[in-house]
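*Asks:* Just one file: entry06.cif, with mmCIF, C-alpha atoms.
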data_work
loop_
_atom_site.label_atom_id
_atom_site.label_comp_id
_atom_site.auth_asym_id
_atom_site.auth_seq_id
_atom_site.Cartn_x
_atom_site.Cartn_y
_atom_site.Cartn_z
CA GLN A 25 7.12 -8.19 -11.34
CA GLN A 26 8.28 -6.12 -8.39
CA PRO A 27 9.63 -2.66 -9.23
CA VAL A 28 13.16 -1.90 -8.10
CA GLN A 29 13.70 1.00 -5.73
CA SER A 30 16.97 2.75 -5.07
CA PRO A 31 18.62 3.58 -2.84
CA GLN A 32 17.64 1.13 -0.09
CA ALA A 33 18.25 3.72 2.58
CA VAL A 34 19.08 7.40 2.87
CA ILE A 35 20.25 9.38 5.86
CA LEU A 36 19.89 13.15 5.63
CA ARG A 37 20.26 16.19 7.78
CA GLU A 38 17.28 18.48 8.02
CA GLY A 39 17.17 20.79 5.02
CA GLU A 40 18.98 18.48 2.62
CA ASP A 41 17.49 17.05 -0.56
CA ALA A 42 16.92 13.44 -1.59
CA VAL A 43 15.87 11.52 -4.67
CA ILE A 44 14.29 8.08 -4.59
CA ASN A 45 14.03 6.08 -7.78
CA CYS A 46 11.63 3.38 -8.89
CA SER A 47 12.09 1.38 -12.06
CA SER A 48 10.15 -1.39 -13.73
CA SER A 49 10.92 -3.90 -16.45
CA LYS A 50 7.30 -3.74 -17.61
CA ALA A 51 5.38 -1.01 -19.39
CA LEU A 52 3.54 0.95 -16.75
CA TYR A 53 0.19 2.67 -16.64
CA SER A 54 0.82 4.49 -13.40
CA VAL A 55 3.19 4.89 -10.48
CA HIS A 56 1.95 5.54 -6.95
CA TRP A 57 4.09 6.87 -4.12
CA TYR A 58 3.46 6.23 -0.43
CA ARG A 59 5.22 7.00 2.83
CA GLN A 60 4.94 4.63 5.76
CA LYS A 61 6.03 5.34 9.31
CA HIS A 62 6.88 2.50 11.65
CA GLY A 63 3.81 0.57 12.77
CA GLU A 64 1.46 2.70 10.71
CA ALA A 65 -0.30 2.33 7.38
CA PRO A 66 1.13 3.80 4.19
CA VAL A 67 0.05 7.34 3.43
CA PHE A 68 -0.74 8.25 -0.17
CA LEU A 69 1.57 10.93 -1.56
CA MET A 70 0.80 11.11 -5.25
CA ILE A 71 0.04 9.19 -8.41
CA LEU A 72 1.56 9.69 -11.82
CA LEU A 73 -0.13 8.39 -14.93
CA LYS A 74 1.50 7.40 -18.19
CA GLY A 75 2.08 10.28 -20.49
CA GLY A 76 5.22 11.38 -18.73
CA GLU A 77 4.05 13.78 -16.14
CA GLN A 78 5.36 15.54 -13.12
CA LYS A 79 3.53 16.32 -9.95
CA GLY A 80 4.26 17.96 -6.69
CA HIS A 81 2.95 19.48 -3.57
CA ASP A 82 4.83 21.43 -0.98
CA LYS A 83 8.44 20.24 -1.19
CA ILE A 84 7.74 16.75 -2.46
CA SER A 85 7.46 16.17 -6.18
CA ALA A 86 7.77 13.29 -8.59
CA SER A 87 8.31 12.56 -12.24
CA PHE A 88 7.43 9.61 -14.46
CA ASN A 89 9.47 8.79 -17.54
CA GLU A 90 7.22 6.51 -19.55
CA LYS A 91 9.90 5.58 -22.06
CA LYS A 92 12.28 4.37 -19.37
CA GLN A 93 9.50 3.05 -17.09
CA GLN A 94 11.06 4.99 -14.27
CA SER A 95 9.75 7.32 -11.64
CA SER A 96 11.64 9.52 -9.24
CA LEU A 97 10.46 11.10 -6.01
CA TYR A 98 12.13 14.37 -5.07
CA LEU A 99 12.25 15.56 -1.48
CA THR A 100 13.60 19.07 -1.13
CA ALA A 101 14.63 20.86 2.05
CA SER A 102 13.76 17.75 4.01
CA GLN A 103 11.99 18.01 7.34
CA LEU A 104 12.08 15.65 10.31
CA SER A 105 8.55 14.57 9.44
CA TYR A 106 9.76 13.19 6.12
CA SER A 107 11.39 10.25 7.91
CA GLY A 108 9.85 6.92 7.06
CA THR A 109 9.90 4.25 4.41
CA TYR A 110 8.88 5.28 0.92
CA PHE A 111 7.25 2.76 -1.35
CA CYS A 112 6.47 3.02 -5.00
CA GLY A 113 3.58 0.96 -6.32
CA THR A 114 3.22 0.29 -10.01
CA GLU A 115 0.22 -0.55 -12.17
CA ILE A 116 0.44 -2.08 -15.63
CA ALA A 117 -3.14 -1.20 -16.47
CA GLY A 118 -5.67 1.27 -15.18
CA TYR A 119 -7.89 0.18 -12.27
CA SER A 120 -5.70 -2.88 -11.70
CA THR A 121 -3.58 -3.99 -8.78
CA LEU A 122 -0.46 -2.37 -7.39
CA THR A 123 2.88 -4.09 -7.08
CA PHE A 124 5.07 -2.46 -4.48
CA GLY A 125 8.81 -2.08 -4.41
CA LYS A 126 10.84 -3.11 -1.38
CA GLY A 127 10.90 0.41 -0.05
CA THR A 128 13.48 3.10 0.65
CA MET A 129 14.11 3.98 4.26
CA LEU A 130 14.64 7.70 4.78
CA LEU A 131 15.95 9.10 8.04
CA VAL A 132 16.13 12.84 8.54
CA SER A 133 18.16 13.95 11.51
CA PRO A 134 18.25 17.40 13.16
CA GLY B 87 -11.32 13.10 3.12
CA ALA B 88 -10.49 9.56 1.95
CA VAL B 89 -10.34 7.92 5.37
CA VAL B 90 -10.18 4.17 5.76
CA SER B 91 -10.59 2.47 9.12
CA GLN B 92 -9.72 -1.02 10.24
CA HIS B 93 -10.89 -2.93 13.25
CA PRO B 94 -9.41 -4.30 15.38
CA SER B 95 -6.02 -2.59 15.38
CA ARG B 96 -4.45 -5.43 17.32
CA VAL B 97 -5.60 -8.96 18.01
CA ILE B 98 -4.04 -11.88 19.80
CA CYS B 99 -5.65 -15.24 19.29
CA LYS B 100 -4.92 -18.86 19.99
CA SER B 101 -3.87 -21.28 17.31
CA GLY B 102 -6.86 -22.87 15.61
CA THR B 103 -9.28 -20.01 16.15
CA SER B 104 -10.66 -17.64 13.52
CA VAL B 105 -10.23 -13.89 13.41
CA LYS B 106 -12.29 -11.34 11.50
CA ILE B 107 -10.83 -8.00 10.41
CA GLU B 108 -13.08 -5.20 9.15
CA CYS B 109 -12.11 -2.53 6.66
CA ARG B 110 -14.36 0.48 6.18
CA SER B 111 -14.17 3.49 3.91
CA LEU B 112 -15.59 6.27 6.08
CA ASP B 113 -16.18 9.16 3.72
CA PHE B 114 -16.30 7.61 0.27
CA GLN B 115 -17.65 4.61 -1.54
CA ALA B 116 -15.25 1.97 -2.71
CA THR B 117 -16.18 -0.57 -5.34
CA THR B 118 -12.77 -2.15 -4.93
CA MET B 119 -10.84 -2.91 -1.77
CA PHE B 120 -7.52 -4.66 -1.44
CA TRP B 121 -6.01 -6.76 1.31
CA TYR B 122 -2.28 -6.76 1.90
CA ARG B 123 0.03 -8.51 4.25
CA GLN B 124 3.27 -7.01 5.48
CA PHE B 125 6.06 -8.72 7.41
CA PRO B 126 8.48 -6.61 9.51
CA LYS B 127 10.68 -4.38 7.39
CA GLN B 128 9.29 -5.82 4.20
CA SER B 129 7.11 -4.63 1.39
CA LEU B 130 3.35 -4.86 1.04
CA MET B 131 2.25 -8.11 -0.53
CA LEU B 132 -1.16 -8.15 -2.13
CA MET B 133 -3.30 -11.02 -0.93
CA ALA B 134 -6.57 -10.40 -2.72
CA THR B 135 -8.75 -7.90 -4.52
CA SER B 136 -12.26 -7.51 -3.27
CA ASN B 137 -15.07 -6.15 -5.43
CA GLU B 138 -18.43 -5.23 -3.98
CA GLY B 139 -21.02 -7.89 -4.66
CA SER B 140 -18.68 -10.41 -6.26
CA LYS B 141 -16.13 -13.00 -5.26
CA ALA B 142 -12.67 -11.87 -4.32
CA THR B 143 -9.73 -12.46 -6.61
CA TYR B 144 -6.82 -14.06 -4.77
CA GLU B 145 -3.16 -13.72 -5.65
CA GLN B 146 -1.17 -16.82 -6.45
CA GLY B 147 -0.21 -18.73 -3.35
CA VAL B 148 -2.93 -17.26 -1.13
CA GLU B 149 -5.36 -19.87 0.17
CA LYS B 150 -8.87 -18.64 -0.44
CA ASP B 151 -10.35 -21.13 2.03
CA LYS B 152 -8.07 -19.84 4.74
CA PHE B 153 -8.44 -16.13 4.08
CA LEU B 154 -12.14 -15.51 3.52
CA ILE B 155 -13.04 -12.15 2.05
CA ASN B 156 -16.49 -10.62 1.97
CA HIS B 157 -17.23 -7.25 0.37
CA ALA B 158 -20.78 -6.78 1.51
CA SER B 159 -21.25 -3.11 0.71
CA LEU B 160 -19.57 -0.16 -0.95
CA THR B 161 -17.98 0.80 2.36
CA LEU B 162 -17.17 -2.50 4.05
CA SER B 163 -14.92 -5.45 3.36
CA THR B 164 -13.98 -8.14 5.85
CA LEU B 165 -11.09 -10.58 5.99
CA THR B 166 -11.49 -13.69 8.10
CA VAL B 167 -8.39 -15.69 8.91
CA THR B 168 -9.70 -19.18 9.57
CA SER B 169 -7.95 -21.73 11.78
CA ALA B 170 -5.12 -19.30 12.41
CA HIS B 171 -1.62 -20.58 13.04
CA PRO B 172 1.50 -18.79 14.31
CA GLU B 173 2.80 -18.38 10.75
CA ASP B 174 -0.28 -16.25 10.02
CA SER B 175 0.99 -13.65 12.48
CA SER B 176 1.54 -10.48 10.49
CA PHE B 177 0.41 -6.93 9.82
CA TYR B 178 -2.71 -6.98 7.65
CA ILE B 179 -3.58 -3.77 5.83
CA CYS B 180 -6.54 -3.00 3.64
CA SER B 181 -6.85 -0.28 1.07
CA ALA B 182 -9.81 1.15 -0.79
CA ARG B 183 -10.09 2.73 -4.20
CA PRO B 184 -12.81 5.38 -4.51
CA ALA B 185 -15.62 4.56 -6.89
CA GLY B 186 -15.95 6.59 -10.03
CA GLN B 187 -14.03 7.48 -13.10
CA HIS B 188 -10.47 8.68 -12.89
CA SER B 189 -10.03 7.36 -9.37
CA TYR B 190 -6.87 5.34 -9.51
CA GLU B 191 -5.42 5.96 -6.07
CA GLN B 192 -5.72 3.64 -3.12
CA TYR B 193 -6.12 4.79 0.46
CA PHE B 194 -4.88 2.55 3.23
CA GLY B 195 -6.37 1.69 6.56
CA PRO B 196 -4.24 1.82 9.72
CA GLY B 197 -3.60 -1.92 9.69
CA THR B 198 -4.30 -4.82 12.02
CA ARG B 199 -1.51 -6.56 13.83
CA LEU B 200 -2.39 -10.22 14.27
CA THR B 201 -0.48 -12.40 16.70
CA VAL B 202 -1.33 -16.08 16.84
CA THR B 203 -0.05 -17.92 19.90
#
Since I need it in another form, could you write the structure as structure tokens?
*Replies:*
Amino acid sequence: QQPVQSPQAVILREGEDAVINCSSSKALYSVHWYRQKHGEAPVFLMILLKGGEQKGHDKISASFNEKKQQSSLYLTASQLSYSGTYFCGTEIAGYSTLTFGKGTMLLVSP
Amino acid sequence: GAVVSQHPSRVICKSGTSVKIECRSLDFQATTMFWYRQFPKQSLMLMATSNEGSKATYEQGVEKDKFLINHASLTLSTLTVTSAHPEDSSFYICSARPAGQHSYEQYFGPGTRLTVT
């Protein structure tokens, strides 16, 4: 079953923060986050495994609440390069297939 | 590291012809590769999972005789769209999962835009 992402779209000014949520009705093994720019392939951002962890690099971080089957992606002090569509992909078992959400379009303006 | 290439990047073909798309992991071995299809402004829809040396596993609703997948080596998988029709026009993206324990992530190729006229 497809995970639900919210919001559908976000418009920010450079330097502002954003949170993108991903929730599933099924118990999850992992959540994967990707960013895709128009006409390009998705770029891997990070993966969070069950156990309720947080990860981050630079100004992009994420959390995974195993009990709620929810993950959130945090973008702080956004840069123009952050613009794109963010997808979460969920796995219900290790080494299985990913089911992607519908995506959240993020636009960062100067 | 973790680079995946796809060839061709764009292809235009006539209705009824077949098109082959190659997906290669350039700097790692991938026991599993995945093929996705993406329509404009929509999500990635998994078509099939390809394991090296074995038959591909197709998702429900995907015709295996139309979308032939071959995973000949640990670095190469091919998708052949047979007897293509205009409704097959789409963005096809492959991804590869590195071989080995604790490798859960998938790395995507740049995609192939197929237009069937």
*Asks:* Quick check, in Å to one decimal: how far apart do atom CA of B:Ser159 and atom CA of B:Leu200 lie?
*Replies:*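 Interatomic distance, atom CA of B:Ser159 to atom CA of B:Leu200: 24.3 Å.
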*Asks:* I'd like to see the residues matched by the PyMOL selection byres ((chain A) within 8 of (chain B)) on this file, and ideally I'd get them as an MDAnalysis selection string.
*Replies:* chainID A and resid 56 64:68 71 111 118:119 121:127
*Asks:* Please produce a file of those selected residues containing C-alpha atoms, as an mmCIF file, in the coordinates of the input.
*Replies:*
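Output (part06.cif):
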data_model
loop_
_atom_site.group_PDB
_atom_site.id
_atom_site.type_symbol
_atom_site.label_atom_id
_atom_site.label_comp_id
_atom_site.auth_asym_id
_atom_site.auth_seq_id
_atom_site.Cartn_x
_atom_site.Cartn_y
_atom_site.Cartn_z
ATOM 1 C CA HIS A 56 1.950 5.540 -6.950
ATOM 2 C CA GLU A 64 1.460 2.700 10.710
ATOM 3 C CA ALA A 65 -0.300 2.330 7.380
ATOM 4 C CA PRO A 66 1.130 3.800 4.190
ATOM 5 C CA VAL A 67 0.050 7.340 3.430
ATOM 6 C CA PHE A 68 -0.740 8.250 -0.170
ATOM 7 C CA ILE A 71 0.040 9.190 -8.410
ATOM 8 C CA PHE A 111 7.250 2.760 -1.350
ATOM 9 C CA GLY A 118 -5.670 1.270 -15.180
ATOM 10 C CA TYR A 119 -7.890 0.180 -12.270
ATOM 11 C CA THR A 121 -3.580 -3.990 -8.780
ATOM 12 C CA LEU A 122 -0.460 -2.370 -7.390
ATOM 13 C CA THR A 123 2.880 -4.090 -7.080
ATOM 14 C CA PHE A 124 5.070 -2.460 -4.480
ATOM 15 C CA GLY A 125 8.810 -2.080 -4.410
ATOM 16 C CA LYS A 126 10.840 -3.110 -1.380
ATOM 17 C CA GLY A 127 10.900 0.410 -0.050
#
*Asks:* Using atom CA of A:Ser85 and atom CA of A:Ser120 as the two end points, give the distance in Å to one decimal.
*Replies:*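 Going from atom CA of A:Ser85 over to atom CA of A:Ser120, I get 23.8 Å.
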*Asks:* Quick one: pull the distance between atom CA of B:Val90 and atom CA of B:Gln124, Å, one decimal.
*Replies:*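 The value is 17.5 Å.
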*Asks:* If you count all atoms listed in the file, which residues fall within 12 Å of stretch 87-91 of chain A, apart from same-chain ones fewer than 5 positions away, as a CSV table (one decimal) with C-alpha atoms, keeping the file's coordinate frame?
*Replies:*
chain,number,residue,atom,x,y,z
A,43,VAL,CA,15.9,11.5,-4.7
A,44,ILE,CA,14.3,8.1,-4.6
A,45,ASN,CA,14.0,6.1,-7.8
A,46,CYS,CA,11.6,3.4,-8.9
A,47,SER,CA,12.1,1.4,-12.1
A,48,SER,CA,10.2,-1.4,-13.7
A,49,SER,CA,10.9,-3.9,-16.4
A,50,LYS,CA,7.3,-3.7,-17.6
A,51,ALA,CA,5.4,-1.0,-19.4
A,52,LEU,CA,3.5,1.0,-16.8
A,53,TYR,CA,0.2,2.7,-16.6
A,54,SER,CA,0.8,4.5,-13.4
A,55,VAL,CA,3.2,4.9,-10.5
A,56,HIS,CA,2.0,5.5,-7.0
A,57,TRP,CA,4.1,6.9,-4.1
A,70,MET,CA,0.8,11.1,-5.2
A,71,ILE,CA,0.0,9.2,-8.4
A,72,LEU,CA,1.6,9.7,-11.8
A,73,LEU,CA,-0.1,8.4,-14.9
A,74,LYS,CA,1.5,7.4,-18.2
A,75,GLY,CA,2.1,10.3,-20.5
A,76,GLY,CA,5.2,11.4,-18.7
A,77,GLU,CA,4.0,13.8,-16.1
A,78,GLN,CA,5.4,15.5,-13.1
A,79,LYS,CA,3.5,16.3,-10.0
A,80,GLY,CA,4.3,18.0,-6.7
A,96,SER,CA,11.6,9.5,-9.2
A,97,LEU,CA,10.5,11.1,-6.0
A,98,TYR,CA,12.1,14.4,-5.1
A,99,LEU,CA,12.2,15.6,-1.5
A,112,CYS,CA,6.5,3.0,-5.0
A,114,THR,CA,3.2,0.3,-10.0
A,116,ILE,CA,0.4,-2.1,-15.6
*Asks:* Applied to this file, what does the PyMOL selection byres ((chain B and resi 99-114) around 6) return in terms of residues, put as number ranges by chain?
*Replies:* B: 88-93, 98, 115, 161-171, 202-203
*Asks:* Counting only C-alpha atoms, find the residues whose atoms lie at most 6 Å from (13.8, 2.0, -3.2) (file coordinates) and write them out as number ranges by chain.
*Replies:* A: 29-32, 127-128
*Asks:* Please determine, counting all atoms listed in the file, which residue among A:Ser133, A:Thr109, A:Gln93, A:Ser102 has the shortest atom-to-atom distance to A:Ile35.
*Replies:*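 Among the listed residues, A:Ser133 lies closest to A:Ile35.
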*Asks:* Check the smallest atom-to-atom distance from each of B:Tyr122, B:Ser175, B:Thr117, B:Glu145 to B:Ala158 using only C-alpha atoms, then report the winner.
*Replies:*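 Result for the nearest residue to B:Ala158: B:Thr117.
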*Asks:* Which residue, A:Gln103, A:Gln25, A:Tyr110, A:Glu115, has the smallest gap to A:Leu130 when you use only C-alpha atoms?
*Replies:*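 The closest residue to A:Leu130 is A:Tyr110.
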*Asks:* Between B:Asp174, B:Leu160, B:Gly139, B:Ala182, which is the closest to B:Phe125 once you count only C-alpha atoms?
*Replies:*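 Answer, going by the shortest atom-to-atom distance: B:Asp174.
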*Asks:* Please write the residues picked by the PyMOL selection byres ((chain B and resi 143) around 12) on this file as a list in words.
*Replies:*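 Expected selection for the PyMOL selection byres ((chain B and resi 143) around 12) here is Ser120 and Thr121 of chain A; Thr118, Met119, Phe120, Trp121, Leu132, Met133, Ala134, Thr135, Ser136, Asn137, Glu138, Ser140, Lys141, Ala142, Tyr144, Glu145, Gln146, Gly147, Val148, Glu149, Lys150, Phe153, Leu154, Ile155, Asn156 and His157 of chain B.
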*Asks:* How about saving the chosen residues, C-alpha atoms kept, as a short mmCIF file (atom, residue, chain, number, x, y, z; two decimals), in the frame of the given file?
*Replies:*
data_model
loop_
_atom_site.label_atom_id
_atom_site.label_comp_id
_atom_site.auth_asym_id
_atom_site.auth_seq_id
_atom_site.Cartn_x
_atom_site.Cartn_y
_atom_site.Cartn_z
CA SER A 120 -5.70 -2.88 -11.70
CA THR A 121 -3.58 -3.99 -8.78
CA THR B 118 -12.77 -2.15 -4.93
CA MET B 119 -10.84 -2.91 -1.77
CA PHE B 120 -7.52 -4.66 -1.44
CA TRP B 121 -6.01 -6.76 1.31
CA LEU B 132 -1.16 -8.15 -2.13
CA MET B 133 -3.30 -11.02 -0.93
CA ALA B 134 -6.57 -10.40 -2.72
CA THR B 135 -8.75 -7.90 -4.52
CA SER B 136 -12.26 -7.51 -3.27
CA ASN B 137 -15.07 -6.15 -5.43
CA GLU B 138 -18.43 -5.23 -3.98
CA SER B 140 -18.68 -10.41 -6.26
CA LYS B 141 -16.13 -13.00 -5.26
CA ALA B 142 -12.67 -11.87 -4.32
CA TYR B 144 -6.82 -14.06 -4.77
CA GLU B 145 -3.16 -13.72 -5.65
CA GLN B 146 -1.17 -16.82 -6.45
CA GLY B 147 -0.21 -18.73 -3.35
CA VAL B 148 -2.93 -17.26 -1.13
CA GLU B 149 -5.36 -19.87 0.17
CA LYS B 150 -8.87 -18.64 -0.44
CA PHE B 153 -8.44 -16.13 4.08
CA LEU B 154 -12.14 -15.51 3.52
CA ILE B 155 -13.04 -12.15 2.05
CA ASN B 156 -16.49 -10.62 1.97
CA HIS B 157 -17.23 -7.25 0.37
#
*Asks:* For stretch 99-130 of chain B, where the input has fewer atoms than it should, I would like N, CA and C atoms rebuilt and written as a CSV table (one decimal), in the coordinates of the input.
*Replies:*
chain,number,residue,atom,x,y,z
B,99,CYS,N,-4.7,-14.1,19.2
B,99,CYS,CA,-5.6,-15.2,19.3
B,99,CYS,C,-4.9,-16.5,19.4
B,100,LYS,N,-5.6,-17.6,19.8
B,100,LYS,CA,-4.9,-18.9,20.0
B,100,LYS,C,-4.9,-19.6,18.7
B,101,SER,N,-4.0,-20.5,18.5
B,101,SER,CA,-3.9,-21.3,17.3
B,101,SER,C,-5.1,-22.1,17.1
B,102,GLY,N,-5.7,-22.1,15.9
B,102,GLY,CA,-6.9,-22.9,15.6
B,102,GLY,C,-8.1,-22.1,15.6
B,103,THR,N,-8.1,-20.9,16.1
B,103,THR,CA,-9.3,-20.0,16.2
B,103,THR,C,-9.3,-19.1,14.9
B,104,SER,N,-10.5,-18.5,14.7
B,104,SER,CA,-10.7,-17.6,13.5
B,104,SER,C,-10.7,-16.2,14.0
B,105,VAL,N,-10.3,-15.3,13.1
B,105,VAL,CA,-10.2,-13.9,13.4
B,105,VAL,C,-10.8,-13.1,12.2
B,106,LYS,N,-11.7,-12.2,12.6
B,106,LYS,CA,-12.3,-11.3,11.5
B,106,LYS,C,-11.8,-9.9,11.6
B,107,ILE,N,-11.3,-9.4,10.5
B,107,ILE,CA,-10.8,-8.0,10.4
B,107,ILE,C,-11.8,-7.2,9.5
B,108,GLU,N,-12.2,-6.0,10.0
B,108,GLU,CA,-13.1,-5.2,9.2
B,108,GLU,C,-12.3,-4.0,8.6
B,109,CYS,N,-12.7,-3.7,7.4
B,109,CYS,CA,-12.1,-2.5,6.7
B,109,CYS,C,-13.3,-1.7,6.2
B,110,ARG,N,-13.3,-0.4,6.6
B,110,ARG,CA,-14.4,0.5,6.2
B,110,ARG,C,-13.8,1.8,5.5
B,111,SER,N,-14.4,2.2,4.5
B,111,SER,CA,-14.2,3.5,3.9
B,111,SER,C,-15.2,4.4,4.5
B,112,LEU,N,-14.7,5.5,5.2
B,112,LEU,CA,-15.6,6.3,6.1
B,112,LEU,C,-16.3,7.4,5.3
B,113,ASP,N,-15.6,8.0,4.4
B,113,ASP,CA,-16.2,9.2,3.7
B,113,ASP,C,-16.2,9.0,2.2
B,114,PHE,N,-16.2,7.8,1.7
B,114,PHE,CA,-16.3,7.6,0.3
B,114,PHE,C,-16.7,6.2,0.0
B,115,GLN,N,-17.3,6.0,-1.2
B,115,GLN,CA,-17.6,4.6,-1.5
B,115,GLN,C,-16.5,3.9,-2.3
B,116,ALA,N,-16.3,2.7,-2.1
B,116,ALA,CA,-15.2,2.0,-2.7
B,116,ALA,C,-15.8,0.7,-3.4
B,117,THR,N,-15.8,0.7,-4.7
B,117,THR,CA,-16.2,-0.6,-5.3
B,117,THR,C,-15.1,-1.6,-5.2
B,118,THR,N,-13.9,-1.2,-5.0
B,118,THR,CA,-12.8,-2.2,-4.9
B,118,THR,C,-12.0,-1.9,-3.7
B,119,MET,N,-11.7,-3.0,-2.9
B,119,MET,CA,-10.8,-2.9,-1.8
B,119,MET,C,-9.8,-4.0,-1.9
B,120,PHE,N,-8.7,-3.7,-1.3
B,120,PHE,CA,-7.5,-4.7,-1.4
B,120,PHE,C,-7.1,-5.1,-0.1
B,121,TRP,N,-6.6,-6.3,0.1
B,121,TRP,CA,-6.0,-6.8,1.3
B,121,TRP,C,-4.5,-7.1,1.1
B,122,TYR,N,-3.7,-6.5,2.0
B,122,TYR,CA,-2.3,-6.8,1.9
B,122,TYR,C,-1.8,-7.4,3.2
B,123,ARG,N,-0.6,-8.0,3.1
B,123,ARG,CA,0.0,-8.5,4.2
B,123,ARG,C,1.4,-7.9,4.2
B,124,GLN,N,1.9,-7.6,5.4
B,124,GLN,CA,3.3,-7.0,5.5
B,124,GLN,C,4.0,-7.6,6.7
B,125,PHE,N,5.2,-8.2,6.4
B,125,PHE,CA,6.1,-8.7,7.4
B,125,PHE,C,7.0,-7.6,7.8
B,126,PRO,N,7.6,-7.7,9.0
B,126,PRO,CA,8.5,-6.6,9.5
B,126,PRO,C,9.6,-6.2,8.5
B,127,LYS,N,9.7,-5.0,8.3
B,127,LYS,CA,10.7,-4.4,7.4
B,127,LYS,C,10.6,-4.9,6.0
B,128,GLN,N,9.4,-5.3,5.6
B,128,GLN,CA,9.3,-5.8,4.2
B,128,GLN,C,8.2,-5.0,3.5
B,129,SER,N,8.1,-5.4,2.2
B,129,SER,CA,7.1,-4.6,1.4
B,129,SER,C,5.7,-5.1,1.6
B,130,LEU,N,4.8,-4.5,1.0
B,130,LEU,CA,3.4,-4.9,1.0
B,130,LEU,C,3.1,-5.9,0.0
